[in-house]
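Have a look at the structure below before the remarks.
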Amino acid sequence: MDAETPTYHSRLLGRTRKAGNSLCIGLDPVLHKLPRSEGSAADRIRRFYSDLLEAMAKRRLYPAAVKPNIAYFEALGTEALEILRQLMAEYRSEGILVILDAKRGDISASSAAYATMAFETLAADAVTVAPYMGSDSIGPFQDKAVGQGTYVLVRTSNPGARDFQDLTVDLGQGRRLPLYRVVAEKLVEWDRGDLGAVVGATAPRELEELVTFWRSLGKEIPMLIPGISVGGIGQGGDVKEIIRTIRNAGGDPNLHLFNSSSGVNYAYERFSGMTPAEASLKAMDELLKAMV
């Protein structure tokens with residue numbers, strides 16, 4: 001990246017300020033939950049998310065970002081992957097940041113290929129990456145990025161996160177840290193204004209600890225925070241409480257993205273008399289009010 005290209009961090013902050021929110025909507029098409037049954041799987045996905053974008057444009061109500069999970073598209077074959085590429089372009093054309101939730105991570109040559117797919121083939125603004133294989137799995141994403149970001153899994157929201165992420169690592173000289181803190185420390189070392197951290201909304205204690213830690217080093221690593229619930233749907237993260245936690249730790253909520261997927265995607269199950277897109281916007285309204 002040349003000196004004149006804005007960093008992902010600056011682009012992210014500019015986007016949340018322009019949007020007036022730090023909301024991220026997951027695009028996770030579970031086929032049996034899509035309300036229309038006619039047409040191919042790819043056609044149904046395209047209509048569902050194109051209708052949502054059209055409703056956003058009509059209301060002029062946009063999230064800061066969307067986060068399509070590539071697994072749901074890959075499972076349906078090459079036609080669905082082409083629909084994913086088209087949808088990403090459509091959402092980006094409205095100024096919305098698109099974070100490809102791919103959780104890649106491999107040896108350097110393979111990571112470079114994954115990065116090319118994410119940043120060039122699909123033109124994602126950011127991608128999620130697993131850090132288990134170390135710096136040579138993260139570096140290729142940084143090297144391929146042109147103002148794009150890489151969100152590294154740090155402390156996730158799934159129940160099995162404790163299996164590895166909470167394990168204590170002996171760093172010598174009396175330093176003992178849980179593994180997720182070791183990853184968090186490495187992010188500060190590797191960051192070029194392009195790294196972020198995936199930290200689950202269901203881990204508020206760890207989240208506050210991480211913000212405090214990064215701030216103590218004069219940094220604030222942007223977090224992608226999945227697991228935000230709305231209307232009782234989701235993994236149980238309370239967006240108001242998470243924002244309060246970030247502020248208490250001295251952080252800036254505008255630098256972090258609060259992600260809700262199923263609670264927005266399938267809000268039509270809660271609201272009768274609305275189209276699916278209208279119901280999704282109503283769920284977004286609920287989240288935005290809670291974020292104030």
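In the structure tokens, chains take letters A, B, ... by order of appearance, with residues numbered from 1 within each chain and ligands from 1 in the order shown.
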
Q.
Give me, as a ChimeraX atom specification, all polymer residues having an atom no more than 9 Å from segment 21-30 of chain A, counting only C-alpha atoms and skipping those fewer than 5 positions away in the same chain.
A. /A:15-16,45,48-49,62-73,97,101,224-226,253-262,264-265,284,287-288,291-292

Q. If we count only C-alpha atoms, what is near segment 107-124 of chain A at a cut-off of 7 Å, once residues fewer than 2 positions away on the same chain are taken out, given as JSON, numbers by chain?
A. {"A": [85, 98, 99, 100, 104, 105, 126, 127, 136, 137, 140, 141, 144, 145]}

Please produce a file of those selected residues containing C-alpha atoms, as an mmCIF file, in the first residue's frame.
```cif
data_model
loop_
_atom_site.group_PDB
_atom_site.id
_atom_site.type_symbol
_atom_site.label_atom_id
_atom_site.label_comp_id
_atom_site.auth_asym_id
_atom_site.auth_seq_id
_atom_site.Cartn_x
_atom_site.Cartn_y
_atom_site.Cartn_z
ATOM 1 C CA ARG A 85 -19.918 -11.303 -5.867
ATOM 2 C CA VAL A 98 -18.343 -5.246 2.956
ATOM 3 C CA ILE A 99 -16.533 -7.622 5.307
ATOM 4 C CA LEU A 100 -16.106 -11.102 3.887
ATOM 5 C CA ARG A 104 -9.146 -18.119 6.228
ATOM 6 C CA GLY A 105 -5.575 -18.779 7.368
ATOM 7 C CA ALA A 126 -12.087 -6.563 4.826
ATOM 8 C CA VAL A 127 -11.862 -10.275 5.556
ATOM 9 C CA ASP A 136 2.978 -15.986 7.850
ATOM 10 C CA SER A 137 -0.766 -16.632 7.601
ATOM 11 C CA PRO A 140 -0.035 -12.107 3.026
ATOM 12 C CA PHE A 141 -3.439 -10.517 3.648
ATOM 13 C CA LYS A 144 -2.301 -7.843 -0.713
ATOM 14 C CA ALA A 145 -4.482 -5.165 0.908
#
```

(Q) I'd like the interatomic distance between atom CA of Ser50 of chain A and atom CA of Gly273 of chain A, to a tenth of an Å. (A)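 Atom-to-atom, atom CA of Ser50 of chain A and atom CA of Gly273 of chain A are spaced 20.0 Å apart.
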
Q: Please provide as a PyMOL selection string all residues within 12 Å of segment 209-222 of chain A, with the sequence filter that same-chain residues fewer than 2 positions apart are discarded (counting only C-alpha atoms).
A: chain A and resi 8-13+16+22+126+149-152+154-155+178+180-200+203-207+224-225+242-243+245-258

Q: Choose the residue, out of A:Asp143, A:Glu90, A:Glu278, A:Glu208, that has the smallest atom-to-atom separation from Leu61 of chain A; count only C-alpha atoms.
A: A:Glu278

Q) In Å, how far is it from atom CA of Thr168 of chain A to atom CA of Thr128 of chain A? A)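 That distance, rounded to one decimal, is 24.1 Å.
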
(Q) Run DSSP on the backbone and tell me which residues of segment 129-208 of chain A come out as strand (DSSP E or B); list them as a ChimeraX atom specification. (A) /A:129,149-155,168-172,175-178,195-199

Q. Any idea what's packed within 12 Å of Arg47 of chain A, counting only C-alpha atoms, ignoring anything in its chain fewer than 6 positions away? Could you give it as JSON, numbers by chain?
A. {"A": [29, 34, 35, 36, 37, 38, 39, 40, 41, 53, 54, 55, 83, 84, 86, 87, 276, 277]}

Q | Coordinates-based distance that separates atom CA of Leu81 of chain A from atom CA of Thr275 of chain A (Å, one decimal) | A | 25.5 Å

Q: DSSP on the backbone, then: every residue of segment 30-270 of chain A marked alpha helix (DSSP H), written as number ranges by chain.
A: A: 41-59, 70-74, 78-93, 108-116, 135-144, 179-190, 204-216, 239-248, 262-265

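For the choices A:Asp285, A:Glu74, A:Glu241, A:Asp125, the atom-to-atom distance to Ala201 of chain A is smallest for A:Glu241 when using only C-alpha atoms.
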